[in-house]
Amino acid sequence: MKEIMIHDIIKNRYSTRAFSEKTIGKERILSLFEAARWSPSSRNEQPWRFIAATKEDQATFNKIAGILNPTNLMWASKAPLLILTIAKLNINSTDQINRHAYHDLGLAIANLTFQASSFDLYVHQIGGFDQQKAREKFKIPANYDPVTVLAVGYKGNLELLPENLRIRELSERKRKDLSDIVFSEKFGKTTNLIDNKKLELIINENNYTQSR
């Protein structure tokens with residue numbers, strides 16, 4: 001099979017649990033949120049919201065850390081930046097349910113993540129937290145939903161992780177084959193773009209097309 005090439009920012013991204021306690025400059029943090037701000041969204045609703053804290057804001061940092069499950073708290077609390085991500089569930093103009101809200105929040109988080117990667121920062125998305133506690137601690141309105149917590153920071157020393165987490169950190173990264181996820185004609189039928197699994201896709205960093 002020919003090598004399938006992707007941009008290094010995508011290829012090198014992974015969700016580390018080993019964070020350095022090195023602080024992140026405010027300009028870089030703001031750059032992460034600026035990248036999220038420019039994400040596409042259905043009807044341009046921009047349904048993403050973030051509650052962020054560095055360790056300089058110890059009270060808010062501890063509140064975010066305090067909603068994490070114990071196993072996640074053990075390593076995520078080492079990161080210098082924690083972010084609670086929130087989706088706005090209703091459409092501004094009609095007040096109807098925005099069924100794309102979670103999708104659009106995910107796009108914003110992806111933009112934030114790849115911007116982080118450009119700074120050699122790592123982002124680990126965490127689903128293991130107490131949503132109800134998040135609502136109560138941060139007074140989140142009913143039409144907003146806390147979705148994930150992001151731990152953000154520079155890569156730390158793997159040797160400081162407990163053995164079970166260190167093993168997971170060093171395990172092979174696996175993804176489904178393209179033939180399992182890209183279809184033609186009907187669901188489950190492998191796309192005709194894949195010819196005997198010989199597909200070469202080159203993403204050239206100097207050959208982007210812009211879209212809104």
# chains A, B, ... in the order shown; residues from 1 in each chain; ligands from 1
$ residues_around --residues "Gln131 (chain A)" --least-positions-apart "4" --cutoff "12 Å" --atoms "only C-alpha atoms" --output "number ranges by chain"
A: 64, 66-69, 84-86, 126-127, 135-140, 142, 144-149
$ write_last_selection --atoms "C-alpha atoms" --output "PDB file, in the first residue's frame"
ATOM      1  CA  ILE A  64     -12.701  22.565  36.836  1.00  0.00           C
ATOM      2  CA  GLY A  66     -12.966  19.174  40.909  1.00  0.00           C
ATOM      3  CA  ILE A  67     -15.552  17.966  38.370  1.00  0.00           C
ATOM      4  CA  LEU A  68     -13.170  15.365  36.889  1.00  0.00           C
ATOM      5  CA  ASN A  69     -13.419  11.678  37.679  1.00  0.00           C
ATOM      6  CA  LEU A  84     -14.551  23.204  30.193  1.00  0.00           C
ATOM      7  CA  THR A  85     -16.261  23.078  26.788  1.00  0.00           C
ATOM      8  CA  ILE A  86     -19.951  23.911  26.486  1.00  0.00           C
ATOM      9  CA  ILE A 126     -11.823  14.289  28.680  1.00  0.00           C
ATOM     10  CA  GLY A 127     -15.352  12.912  28.792  1.00  0.00           C
ATOM     11  CA  ARG A 135     -23.674  22.929  35.897  1.00  0.00           C
ATOM     12  CA  GLU A 136     -23.918  23.747  39.560  1.00  0.00           C
ATOM     13  CA  LYS A 137     -20.369  25.023  40.076  1.00  0.00           C
ATOM     14  CA  PHE A 138     -20.360  27.235  36.997  1.00  0.00           C
ATOM     15  CA  LYS A 139     -24.070  28.181  36.941  1.00  0.00           C
ATOM     16  CA  ILE A 140     -24.526  26.908  33.383  1.00  0.00           C
ATOM     17  CA  ALA A 142     -30.375  24.880  30.987  1.00  0.00           C
ATOM     18  CA  TYR A 144     -26.259  24.998  27.435  1.00  0.00           C
ATOM     19  CA  ASP A 145     -24.617  21.601  27.896  1.00  0.00           C
ATOM     20  CA  PRO A 146     -21.149  20.949  29.385  1.00  0.00           C
ATOM     21  CA  VAL A 147     -19.548  18.470  26.979  1.00  0.00           C
ATOM     22  CA  THR A 148     -15.850  17.862  27.671  1.00  0.00           C
ATOM     23  CA  VAL A 149     -12.885  19.095  29.657  1.00  0.00           C
TER      24      VAL A 149
END
$ select_by_dssp --residues "chain A" --states "helix (DSSP H, G or I)" --output "ChimeraX atom specification"
/A:8-11,26-37,42-44,58-65,70-76,101-118,131-138,158-160,163-170,178-181
$ residues_around --residues "Ile29 (chain A)" --least-positions-apart "6" --cutoff "10 Å" --atoms "only C-alpha atoms" --output "CSV table (one decimal) with C-alpha atoms, in the first residue's frame"
chain,number,residue,atom,x,y,z
A,52,ALA,CA,-10.8,28.3,31.0
A,54,THR,CA,-4.6,28.4,34.3
A,81,LEU,CA,-4.5,24.9,31.5
A,112,LEU,CA,-8.1,24.8,19.0
A,115,GLN,CA,-3.5,25.5,16.7
A,116,ALA,CA,-2.1,24.0,20.0
A,152,VAL,CA,-3.7,21.5,27.7
$ atom_distance --atom1 "CA of Arg13 (chain A)" --atom2 "CA of Leu193 (chain A)"
26.1 Å
$ closest_residue --among "A:Asp177, A:Glu172, A:Asp104, A:Asp130" --to "Arg37 (chain A)" --atoms "only C-alpha atoms"
A:Asp104
